[in-house]
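Enquirer: Here's a structure for you.
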Amino acid sequence: MDSDFGTGGAILATSLDKLRRYLVPCEPAPSTSPNPPHINLASALIDSGSWPVRHQGHRNTCSAFCAVTLAELTAFHEKGQLPVPDFSEEFLYAMIDEVDYCDVVAGVTEREIALFDETGARFLAQANKALTVGALVDETDMPYDTDDTTDPAAVATPSKDLVEQAKTTGLANMVNLISPKKDGELTIGPKRQWVASKDDSPEVLELVPIFIELLQNKRPIAAGFPLLVGSDHDIWFGSRAFETGHVFYPTLENKDDMEIEGGHSVCIVGYDTRGFDEGDGVFIFRNSFGQDFGWLNDDGPAPLRPPAKGYGTIAFRDVEWFCLEFMYRALAEQSANPVV
């Protein structure tokens with residue numbers, strides 16, 4: 001089971017008040033029925049067969065996989081042509097490991113640090129910082145280790161020359177937000193607060209219109225979600241998710257009985273509101289569980305069949321209530337201020 005609790009906050013030069021406008025630059029903000037009613041930023045790559053979904057194996061490296069997906073898909077849309085870049089998850093994971101938790105995330109306890117170090121879990125905030133400094137090299141320069149005998153928490157050591165080479169690939173305008181814990185309570189449900197860095201004052205944000213706006217601007221989103229103990233749903237790793245591709249989160253009726261035991265990060269590449277009631281819909285995500293995810297049962301009860309093998313869907317409500325962290329690369333013209 002992946003325990004990569006991909007949530008955190010990058011250090012931004014803008015205040016959260018400015019960031020709120022920065023996140024949703026267009027006026028008016030998307031309505032409950034977005035136009036267009038569906039978007040899939042990966043559709044051209046799916047149709048071409050040139051970008052198959054990879055498998056992270058038994059290692060807890062989903063933060064690196066969804067960050068590479070974000071970087072590759074963003075680069076494809078910025079250039080508007082094939083081939084899509086093929087970046088190394090192994091190298092990015094090593095660079096993520098170089099970013100100290102406490103530099104980017106507030107309130108990380110000694111117990112949590114020990115758990116993360118033991119399992120290999122990492123925050124998206126660490127990936128955000130690594131991408132800003134420079135952490136992209138070709139897959140052929142440092143191939144991903146898929147050996148099942150490898151320690152799930154193992155971190156490979158890249159050469160000094162490769163680290164120097166990667167410094168030229170730093171990405172500007174990277175944005176990362178986290179929903180912080182409040183008095184140690186589980187951070188799920190509506191009207192949650194978000195911070196852009198560990199020193200910010202929390203502010204309420206509504207994620208669904210933000211995500212829709214980003215996707216309309218061809219910005220994929222890396223998003224982290226909790227694994228819950230006390231729920232009767234094996235949310236990300238159970239047979240229902242693999243058969244249907246749809247991630248089913250529970251209601252909040254038994255919130256007091258739930259605990260976060262880790263998390264999983266994916267890259268959101270689209271949305272679809274067709275066939276849903278007003279204001280409802282699903283986000284489309286690219287997972288890192290290989291080609292079987294979402295297509296073990298072609299006749300499953302998912303609200304919307306994923307667009308390809310390895311992809312999945314998650315309801316608007318579940319993103320609004322359960323997403324704990326998200327990251328994206330903003331358009332340069334959306335901000336007059338440097339981001340990092």
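Chain lettering (A, B, ...) mirrors the order of the structure tokens, residue numbering begins at 1 for each chain separately, and ligand numbering begins at 1 in order of display.
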Applying 7 Å and only C-alpha atoms, which residues near Glu139 in chain A remain after dropping the ones on its own chain fewer than 6 positions away? List them as a PDB file with N, CA, C and O atoms, in the first residue's frame.

Expert:
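So around.pdb came out as:
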ATOM      1  N   ASP A  86      10.203  12.761 -21.744  1.00  0.00           N
ATOM      2  CA  ASP A  86      10.241  11.544 -20.948  1.00  0.00           C
ATOM      3  C   ASP A  86      11.209  11.776 -19.796  1.00  0.00           C
ATOM      4  O   ASP A  86      12.408  11.516 -19.904  1.00  0.00           O
ATOM      5  N   PHE A  87      10.677  12.293 -18.672  1.00  0.00           N
ATOM      6  CA  PHE A  87      11.509  12.657 -17.532  1.00  0.00           C
ATOM      7  C   PHE A  87      11.661  11.484 -16.564  1.00  0.00           C
ATOM      8  O   PHE A  87      10.811  10.592 -16.501  1.00  0.00           O
ATOM      9  N   SER A  88      12.713  11.528 -15.784  1.00  0.00           N
ATOM     10  CA  SER A  88      13.046  10.447 -14.856  1.00  0.00           C
ATOM     11  C   SER A  88      12.376  10.630 -13.508  1.00  0.00           C
ATOM     12  O   SER A  88      12.658  11.585 -12.783  1.00  0.00           O
TER      13      SER A  88
END

Enquirer: So which residues touch range 322-325 of chain A within 6 Å, counting only C-alpha atoms, skipping near sequence neighbours fewer than 4 positions away, as a PDB file with N, CA, C and O atoms, in the first residue's frame?

Expert:
ATOM      1  N   THR A   7       1.209  15.874   0.660  1.00  0.00           N
ATOM      2  CA  THR A   7       0.600  17.150   0.961  1.00  0.00           C
ATOM      3  C   THR A   7       1.619  18.065   1.584  1.00  0.00           C
ATOM      4  O   THR A   7       2.419  17.688   2.400  1.00  0.00           O
ATOM      5  N   LEU A 177      -0.263  24.375  -2.543  1.00  0.00           N
ATOM      6  CA  LEU A 177      -1.039  24.712  -1.361  1.00  0.00           C
ATOM      7  C   LEU A 177      -1.376  23.465  -0.564  1.00  0.00           C
ATOM      8  O   LEU A 177      -1.505  22.377  -1.115  1.00  0.00           O
ATOM      9  N   ILE A 178      -1.523  23.646   0.750  1.00  0.00           N
ATOM     10  CA  ILE A 178      -1.866  22.552   1.656  1.00  0.00           C
ATOM     11  C   ILE A 178      -3.017  22.991   2.551  1.00  0.00           C
ATOM     12  O   ILE A 178      -3.137  24.158   2.904  1.00  0.00           O
ATOM     13  N   SER A 179      -3.871  22.026   2.884  1.00  0.00           N
ATOM     14  CA  SER A 179      -4.916  22.258   3.868  1.00  0.00           C
ATOM     15  C   SER A 179      -4.383  21.808   5.222  1.00  0.00           C
ATOM     16  O   SER A 179      -4.250  20.604   5.473  1.00  0.00           O
ATOM     17  N   ILE A 188     -10.672  17.209   6.641  1.00  0.00           N
ATOM     18  CA  ILE A 188     -11.531  16.846   5.529  1.00  0.00           C
ATOM     19  C   ILE A 188     -12.871  17.545   5.709  1.00  0.00           C
ATOM     20  O   ILE A 188     -13.182  18.059   6.774  1.00  0.00           O
ATOM     21  N   ALA A 223      -2.354  16.376  -7.243  1.00  0.00           N
ATOM     22  CA  ALA A 223      -3.217  16.480  -6.061  1.00  0.00           C
ATOM     23  C   ALA A 223      -3.002  15.289  -5.144  1.00  0.00           C
ATOM     24  O   ALA A 223      -2.890  14.151  -5.601  1.00  0.00           O
ATOM     25  N   GLY A 224      -2.951  15.570  -3.825  1.00  0.00           N
ATOM     26  CA  GLY A 224      -2.754  14.537  -2.825  1.00  0.00           C
ATOM     27  C   GLY A 224      -4.020  14.285  -2.034  1.00  0.00           C
ATOM     28  O   GLY A 224      -4.722  15.226  -1.647  1.00  0.00           O
ATOM     29  N   PHE A 225      -4.316  13.012  -1.775  1.00  0.00           N
ATOM     30  CA  PHE A 225      -5.527  12.596  -1.080  1.00  0.00           C
ATOM     31  C   PHE A 225      -5.169  11.643   0.058  1.00  0.00           C
ATOM     32  O   PHE A 225      -4.176  10.924  -0.014  1.00  0.00           O
ATOM     33  N   ASP A 318     -15.710  14.879  -3.808  1.00  0.00           N
ATOM     34  CA  ASP A 318     -14.614  14.235  -3.101  1.00  0.00           C
ATOM     35  C   ASP A 318     -13.315  15.026  -3.229  1.00  0.00           C
ATOM     36  O   ASP A 318     -12.494  15.020  -2.310  1.00  0.00           O
TER      37      ASP A 318
END

Enquirer: Near Pro52 in chain A, within 10 Å and counting only C-alpha atoms, which residues show up once chain neighbours fewer than 3 positions away are dropped, as a ChimeraX atom specification?

Expert: /A:45-46,48-49,55,290-291,308-310

Enquirer: Find, counting only C-alpha atoms, the residue in A:Ala153, A:Ala135, A:Leu92, A:Cys62 that gets nearest to Ala114 in chain A.

Expert: A:Ala153
